[in-house]
Amino acid sequence: MTLILVVDDEVLYQRLLRVNLEKGGYEVVTAENGEEAVEMVASRHPDLVILDVMMPKLDGISACERIRQFSNVPIIMLTARGEEQDRVRGLNVGADDYVVKPFSAPELMARVQAVLRRAQTADQTTTNRYFIHGNLKIDFARAEVWKDNKPVYLSATEYRLLIQFANHLGQVMTAEDLLAAIWGPQYKDDKEILWVSIARLRQKLEDNPHAPQHIVTRAGLGYLMPPVEKESVKGE
Amino acid sequence: MSKPSHKPTPVKPTDLYNISRIVTDASDWKTALDQIVRQVRNILIYDNLAVYLALPEHEGLDVMYARAVGRGRSAEADSAWGEVLANRVSIEQRIILEEPPKDDSVSRLKRPYLLGIPLLNGGNYLGAIIFVRFGGPSFEVDQVALAEFIARQIALLIERQKLEKATIELEAKHKQIQLQEDFVSNISHELRSPLGFIKGYTTTLLRTDTTWDAETQREFLEIIDQETDALQELINNLLDSARLQSGQLQMKFQPIRLNNLLEDVIAHQKLHRPRQVINLQISQPLPVIQGDPLRLSQVFENLLSNAAKYAPHSEVLIKVEHDKKGIHILVKDFGPGMSKEYLPMMFTRFFRGPDQSTNSHGSGLGLFICKQIIEAHRGQITADSELGQGMVFHIFLPFDH
């Protein structure tokens, strides 16, 4: 049966979505904030997520961003304000569609069916919560990094840099690309901050920071995370 | 003050370091200038010192600082302060030295030696600083250089103070705008939210591709009914608050029996919230008071609906007593209460408690309206609470008003 995760902090919206979807023949699980939503995508592998934008504890936009780091599950955003800005932000972080509150029940059902139809014809839904690289493990759902089963504390920037490497496994990335992706386009010539950040990451992640295994320098080209044999483990 | 010898000591690096330290530590440029001139008194000797600032609002210069330390002190306002030179400096924007003709028969006070330096900061002209020496001697090159150094430091400080002031003003404005934006976004959420449920549950009932059993239908209709009430209440509050703000809400005073009024309110409340337990204690006989029954009912309804909202499983105690001056009413719930720090803000417009879940709705207008109504009766309403100790409201309504 198709499983839909409904994420809304308001009980009455949870109920509204649940009754309509269940009548439509779907199985429904609910979460009431973004953090719970990310956890449940990782643990329950839903076929579709309906995600409210305005929520406490990780809003919908940030939750969507986090989910997209490890899963391509279709996501419909519920935007309360109906403001263009919210819809654009939602689509930018990887939402597939949006529904503006207040919505009618048939409209919602139609959107759900359309998104599910599109997802079926496209690739299979994959959810890789964990990324493993040698003695290194990333938990995307919790934004946590482990080395030899011990937690490693990274700054937000260091984490984003590491994710960038993990998501481009085996690909050489130039300093300009990394700077533009992590710090923003206006920083693309600020090579020194990248050097410092990579040095700090290596201090935290590498057994020997002078002979790195996870983040390797390709002189004159850039940096990469080299592919290893067992590069990732699917699911839980 | 020691008699100034006009044989100056040379400038030492420590003097400059000290000036720099004064400037970085300064909170305002006038105090800083006092400290600086004390620091260099043996190097840069003067009798009078004046700072003229160009004010943006009007043409010309205004004197903003003046000190007489030497021979000029006895002459007070009669002595030279270099206003004319200040104007010249401001027009030519360069250092100007002015010396009187040598004539020992004229009193020293009538023969001022003037040094005028423009206050410049990054090409911005701010004003002029004038040093006056009665009867000479002339300002020497080293002294002029030191005076110019001081002038630049002072210009920096003046500019810094202007920026600090502008920052404070901008922050205040920003806060105001923020409060308005918060209100607009909160109120639009509060308006949309019941509409969203009404729309959602109505269209659910209207779905043509399915049917709902009687129990579910009833549940949905009750939700629609409640949300319609919430919307109605919100709109009323908005209108009342706007009328109160513009003074258009007129009270219609008449003799009231408060016990009857409270019993009516409670009966009405029972209809809407059958599960809420309200315990009414009145020490009889209660004298008649003058009041607007509709508005006073509104106050009690508001307090009871707040209790139902924020202390849903708690009973509510209403205790009514009177003394010679008037009637005291206590409305107490036994719910989570609120931390003391937020109590003073509770009656301000748009204020909402900090840790309310999004499932509790509110416009931040209810208690503001209560306070306005009670005050229109020349009474008082106060709140008391501690986290975990429930919420208490005290209302006092005087007999004569």
# chains A, B, ... in the order shown; residues from 1 in each chain; ligands from 1
$ interface_residues --of "chain B" --to "chain A" --cutoff "7 Å" --atoms "only C-alpha atoms" --output "number ranges by chain"
B: 195-196, 199-201, 203-204, 207, 358-359
$ write_last_selection --atoms "N, CA, C and O atoms" --output "compact mmCIF listing (two decimals), in the first residue's frame"
# COMPACT_ATOMS: atom_id res chain seq x y z
N LEU B 195 -10.29 29.65 8.28
CA LEU B 195 -10.80 29.55 6.91
C LEU B 195 -10.34 28.27 6.25
O LEU B 195 -11.11 27.60 5.54
N GLY B 196 -9.07 27.93 6.49
CA GLY B 196 -8.49 26.71 5.92
C GLY B 196 -9.23 25.48 6.38
O GLY B 196 -9.51 24.58 5.58
N LYS B 199 -12.86 25.51 4.87
CA LYS B 199 -12.77 25.11 3.47
C LYS B 199 -12.45 23.61 3.35
O LYS B 199 -13.11 22.87 2.61
N GLY B 200 -11.44 23.19 4.08
CA GLY B 200 -10.97 21.80 4.00
C GLY B 200 -12.04 20.80 4.39
O GLY B 200 -12.30 19.84 3.67
N TYR B 201 -12.67 21.02 5.56
CA TYR B 201 -13.65 20.05 6.04
C TYR B 201 -14.95 20.12 5.24
O TYR B 201 -15.62 19.10 5.05
N THR B 203 -15.18 20.88 1.97
CA THR B 203 -14.96 20.20 0.69
C THR B 203 -14.77 18.70 0.89
O THR B 203 -15.06 17.91 -0.01
N THR B 204 -14.31 18.32 2.09
CA THR B 204 -14.21 16.89 2.39
C THR B 204 -15.61 16.28 2.42
O THR B 204 -15.85 15.22 1.82
N ARG B 207 -17.08 15.86 -1.04
CA ARG B 207 -16.43 14.96 -2.03
C ARG B 207 -17.48 14.06 -2.68
O ARG B 207 -18.26 13.42 -1.99
N THR B 358 1.51 26.06 18.52
CA THR B 358 0.77 26.64 17.41
C THR B 358 -0.67 26.14 17.37
O THR B 358 -1.46 26.63 16.60
N ASN B 359 -0.98 25.15 18.21
CA ASN B 359 -2.36 24.67 18.22
C ASN B 359 -3.27 25.59 19.03
O ASN B 359 -4.48 25.42 19.03
$ residues_around --residues "B:Phe149" --least-positions-apart "5" --cutoff "10 Å" --atoms "only C-alpha atoms" --output "PyMOL selection string"
chain B and resi 16+19+117+143-144+154-155
$ residues_around --residues "A:Gly222" --least-positions-apart "6" --cutoff "9 Å" --atoms "only C-alpha atoms" --output "ChimeraX atom specification"
/A:172-176,216
$ atom_distance --atom1 "atom CA of B:Gln380" --atom2 "atom CA of B:Asn302"
15.9 Å
$ residues_around --residues "B:Gln226" --least-positions-apart "2" --cutoff "12 Å" --atoms "only C-alpha atoms" --output "tab-separated table (two decimals) with N, CA and C atoms, in the first residue's frame"
chain	number	residue	atom	x	y	z
A	12	LEU	N	-5.73	19.67	13.59
A	12	LEU	CA	-6.89	19.66	12.69
A	12	LEU	C	-6.47	19.45	11.23
B	194	PRO	N	-8.64	29.38	10.51
B	194	PRO	CA	-10.02	28.86	10.56
B	194	PRO	C	-10.62	28.72	9.17
B	195	LEU	N	-10.29	29.65	8.28
B	195	LEU	CA	-10.80	29.55	6.91
B	195	LEU	C	-10.34	28.27	6.25
B	197	PHE	N	-9.57	25.44	7.69
B	197	PHE	CA	-10.30	24.28	8.21
B	197	PHE	C	-11.72	24.24	7.67
B	198	ILE	N	-12.38	25.41	7.62
B	198	ILE	CA	-13.75	25.46	7.12
B	198	ILE	C	-13.79	24.97	5.67
B	201	TYR	N	-12.67	21.02	5.56
B	201	TYR	CA	-13.65	20.05	6.04
B	201	TYR	C	-14.95	20.12	5.24
B	219	GLU	N	-18.68	15.06	13.31
B	219	GLU	CA	-17.38	15.54	13.78
B	219	GLU	C	-16.90	16.71	12.91
B	220	PHE	N	-17.01	16.51	11.58
B	220	PHE	CA	-16.54	17.56	10.67
B	220	PHE	C	-17.37	18.84	10.83
B	221	LEU	N	-18.70	18.65	10.96
B	221	LEU	CA	-19.57	19.82	11.08
B	221	LEU	C	-19.27	20.59	12.37
B	222	GLU	N	-18.93	19.84	13.44
B	222	GLU	CA	-18.58	20.50	14.69
B	222	GLU	C	-17.30	21.31	14.54
B	223	ILE	N	-16.34	20.74	13.81
B	223	ILE	CA	-15.10	21.47	13.56
B	223	ILE	C	-15.41	22.76	12.80
B	224	ILE	N	-16.24	22.63	11.76
B	224	ILE	CA	-16.60	23.80	10.95
B	224	ILE	C	-17.28	24.84	11.83
B	228	THR	N	-15.86	28.55	12.70
B	228	THR	CA	-16.64	29.73	12.36
B	228	THR	C	-16.70	30.67	13.57
B	229	ASP	N	-16.92	30.06	14.78
B	229	ASP	CA	-16.93	30.86	16.00
B	229	ASP	C	-15.59	31.54	16.23
B	230	ALA	N	-14.51	30.80	15.99
B	230	ALA	CA	-13.17	31.36	16.20
B	230	ALA	C	-12.96	32.57	15.29
B	231	LEU	N	-13.42	32.41	14.04
B	231	LEU	CA	-13.28	33.48	13.07
B	231	LEU	C	-14.10	34.70	13.50
B	232	GLN	N	-15.33	34.43	13.94
B	232	GLN	CA	-16.23	35.48	14.42
B	232	GLN	C	-15.58	36.24	15.59
B	233	GLU	N	-15.03	35.47	16.54
B	233	GLU	CA	-14.41	36.08	17.72
B	233	GLU	C	-13.23	36.95	17.32
B	272	HIS	N	-21.16	26.21	25.36
B	272	HIS	CA	-20.07	26.10	24.39
B	272	HIS	C	-19.00	25.11	24.83
B	273	ARG	N	-18.71	25.13	26.14
B	273	ARG	CA	-17.64	24.24	26.64
B	273	ARG	C	-18.20	23.43	27.80
$ closest_residue --among "B:Glu341, B:Glu386, B:Asp264, B:Glu301" --to "B:Ile369" --atoms "only C-alpha atoms"
B:Glu301
$ residues_around --residues "A:Ala156" --least-positions-apart "5" --cutoff "10 Å" --atoms "only C-alpha atoms" --output "list of chain:residue names"
A:Ala143, A:Leu161, A:Leu162
$ write_last_selection --atoms "C-alpha atoms" --output "PDB file, in the first residue's frame"
ATOM      1  CA  ALA A 143      23.142  15.659  10.372  1.00  0.00           C
ATOM      2  CA  LEU A 161      31.565  20.911   2.928  1.00  0.00           C
ATOM      3  CA  LEU A 162      31.705  17.219   3.854  1.00  0.00           C
TER       4      LEU A 162
END
$ residues_around --residues "B:Ile43" --least-positions-apart "3" --cutoff "8 Å" --atoms "only C-alpha atoms" --output "ChimeraX atom specification"
/B:8-11,40,143
$ write_last_selection --atoms "N, CA, C and O atoms" --output "PDB file, in the first residue's frame"
ATOM      1  N   PRO B   8      57.361  75.478  25.382  1.00  0.00           N
ATOM      2  CA  PRO B   8      56.712  74.166  25.310  1.00  0.00           C
ATOM      3  C   PRO B   8      57.707  73.012  25.346  1.00  0.00           C
ATOM      4  O   PRO B   8      58.830  73.169  24.871  1.00  0.00           O
ATOM      5  N   THR B   9      57.256  71.890  25.938  1.00  0.00           N
ATOM      6  CA  THR B   9      58.052  70.669  25.858  1.00  0.00           C
ATOM      7  C   THR B   9      57.728  69.987  24.534  1.00  0.00           C
ATOM      8  O   THR B   9      56.622  70.144  24.008  1.00  0.00           O
ATOM      9  N   PRO B  10      58.680  69.228  23.994  1.00  0.00           N
ATOM     10  CA  PRO B  10      58.390  68.587  22.698  1.00  0.00           C
ATOM     11  C   PRO B  10      57.379  67.435  22.852  1.00  0.00           C
ATOM     12  O   PRO B  10      57.197  66.910  23.938  1.00  0.00           O
ATOM     13  N   VAL B  11      56.770  67.071  21.731  1.00  0.00           N
ATOM     14  CA  VAL B  11      55.780  65.980  21.728  1.00  0.00           C
ATOM     15  C   VAL B  11      56.496  64.637  21.848  1.00  0.00           C
ATOM     16  O   VAL B  11      57.469  64.382  21.134  1.00  0.00           O
ATOM     17  N   VAL B  40      47.940  67.224  26.999  1.00  0.00           N
ATOM     18  CA  VAL B  40      48.983  67.937  26.232  1.00  0.00           C
ATOM     19  C   VAL B  40      49.141  69.385  26.703  1.00  0.00           C
ATOM     20  O   VAL B  40      49.670  70.210  25.965  1.00  0.00           O
ATOM     21  N   GLN B 143      53.489  72.502  17.218  1.00  0.00           N
ATOM     22  CA  GLN B 143      52.224  72.652  17.942  1.00  0.00           C
ATOM     23  C   GLN B 143      51.037  72.610  16.975  1.00  0.00           C
ATOM     24  O   GLN B 143      49.994  72.027  17.276  1.00  0.00           O
TER      25      GLN B 143
END
$ select_by_dssp --residues "stretch 28-211 of chain A" --states "alpha helix (DSSP H)" --output "VMD selection string"
chain A and resid 34 to 44 60 to 68 84 to 92 105 to 121 156 to 167 175 to 182 191 to 205
$ select_by_dssp --residues "stretch 50-150 of chain A" --states "strand (DSSP E or B)" --output "MDAnalysis selection string"
chainID A and resid 50:52 71 75:79 97:100 127 130:133 136:139 144:147 150
$ write_last_selection --atoms "N, CA and C atoms" --output "tab-separated table (two decimals), in the first residue's frame"
chain	number	residue	atom	x	y	z
A	50	ILE	N	3.85	14.98	2.55
A	50	ILE	CA	3.13	16.26	2.48
A	50	ILE	C	3.63	17.10	3.65
A	51	LEU	N	4.28	18.22	3.34
A	51	LEU	CA	5.08	18.93	4.33
A	51	LEU	C	4.60	20.38	4.47
A	52	ASP	N	4.18	20.74	5.67
A	52	ASP	CA	3.76	22.11	5.93
A	52	ASP	C	4.99	23.01	6.04
A	71	SER	N	17.33	11.46	0.28
A	71	SER	CA	16.18	10.77	-0.29
A	71	SER	C	15.56	11.57	-1.42
A	75	ILE	N	7.89	15.19	-2.64
A	75	ILE	CA	7.45	16.06	-1.54
A	75	ILE	C	6.47	17.10	-2.06
A	76	ILE	N	5.32	17.21	-1.39
A	76	ILE	CA	4.38	18.30	-1.68
A	76	ILE	C	4.43	19.25	-0.50
A	77	MET	N	4.68	20.53	-0.77
A	77	MET	CA	4.72	21.51	0.31
A	77	MET	C	3.33	22.12	0.50
A	78	LEU	N	2.97	22.33	1.77
A	78	LEU	CA	1.74	23.06	2.08
A	78	LEU	C	2.16	24.47	2.48
A	79	THR	N	1.83	25.45	1.68
A	79	THR	CA	2.21	26.82	2.05
A	79	THR	C	0.99	27.54	2.59
A	97	ASP	N	5.99	19.72	-5.68
A	97	ASP	CA	4.78	20.48	-5.97
A	97	ASP	C	4.38	21.19	-4.68
A	98	TYR	N	3.40	22.06	-4.79
A	98	TYR	CA	2.93	22.71	-3.58
A	98	TYR	C	1.42	22.87	-3.64
A	99	VAL	N	0.81	22.95	-2.45
A	99	VAL	CA	-0.63	23.21	-2.36
A	99	VAL	C	-0.78	24.38	-1.41
A	100	VAL	N	-1.60	25.35	-1.81
A	100	VAL	CA	-1.76	26.55	-1.00
A	100	VAL	C	-2.97	26.39	-0.08
A	127	THR	N	16.16	5.95	-0.61
A	127	THR	CA	16.40	6.65	0.64
A	127	THR	C	17.65	6.08	1.26
A	130	TYR	N	22.21	6.67	5.55
A	130	TYR	CA	23.61	6.68	5.98
A	130	TYR	C	24.55	6.68	4.79
A	131	PHE	N	25.67	7.34	4.94
A	131	PHE	CA	26.73	7.32	3.94
A	131	PHE	C	27.97	6.83	4.66
A	132	ILE	N	28.62	5.81	4.10
A	132	ILE	CA	29.79	5.27	4.79
A	132	ILE	C	30.99	5.36	3.87
A	133	HIS	N	32.09	5.86	4.38
A	133	HIS	CA	33.32	6.02	3.63
A	133	HIS	C	34.45	5.60	4.55
A	136	LEU	N	34.39	6.30	8.26
A	136	LEU	CA	33.57	7.50	8.42
A	136	LEU	C	32.11	7.19	8.11
A	137	LYS	N	31.18	7.71	8.94
A	137	LYS	CA	29.76	7.46	8.68
A	137	LYS	C	29.00	8.78	8.85
A	138	ILE	N	28.16	9.08	7.86
A	138	ILE	CA	27.33	10.29	7.95
A	138	ILE	C	25.88	9.86	8.11
A	139	ASP	N	25.19	10.40	9.10
A	139	ASP	CA	23.76	10.19	9.26
A	139	ASP	C	23.06	11.44	8.76
A	144	GLU	N	24.58	14.06	11.52
A	144	GLU	CA	25.65	13.67	12.44
A	144	GLU	C	26.74	12.93	11.69
A	145	VAL	N	27.98	13.08	12.19
A	145	VAL	CA	29.11	12.41	11.56
A	145	VAL	C	29.81	11.56	12.62
A	146	TRP	N	30.16	10.34	12.22
A	146	TRP	CA	30.81	9.41	13.14
A	146	TRP	C	32.13	8.96	12.53
A	147	LYS	N	33.16	8.87	13.38
A	147	LYS	CA	34.44	8.31	12.93
A	147	LYS	C	34.79	7.18	13.88
A	150	LYS	N	32.67	6.88	16.79
A	150	LYS	CA	32.64	7.94	17.79
A	150	LYS	C	32.14	9.22	17.11
$ residues_around --residues "A:Arg66" --least-positions-apart "4" --cutoff "12 Å" --atoms "only C-alpha atoms" --output "list in words"
Gly34, Glu35, Glu36, Ala37, Val38, Glu39, Val41, Ala42, Leu58, Asp59, Gly60, Ile61, Ser62, Phe70, Ser71, Asn72, Val73, Val93, Gly94, Ala95, Arg129, Asp139, Phe140, Ala141, Arg142, Ala143, Glu144, Arg160 and Ile163 of chain A
$ atom_distance --atom1 "atom CA of B:Val89" --atom2 "atom CA of B:Gly123"
14.4 Å
$ closest_residue --among "B:Ile130, B:Ile95, B:Leu191, B:Leu296" --to "B:Ile373" --atoms "only C-alpha atoms"
B:Leu296
$ closest_residue --among "B:Gln176, B:Asp142, B:Cys370, B:Val277" --to "B:Leu244" --atoms "only C-alpha atoms"
B:Cys370
$ atom_distance --atom1 "atom CA of A:Val7" --atom2 "atom CA of A:Val49"
7.5 Å
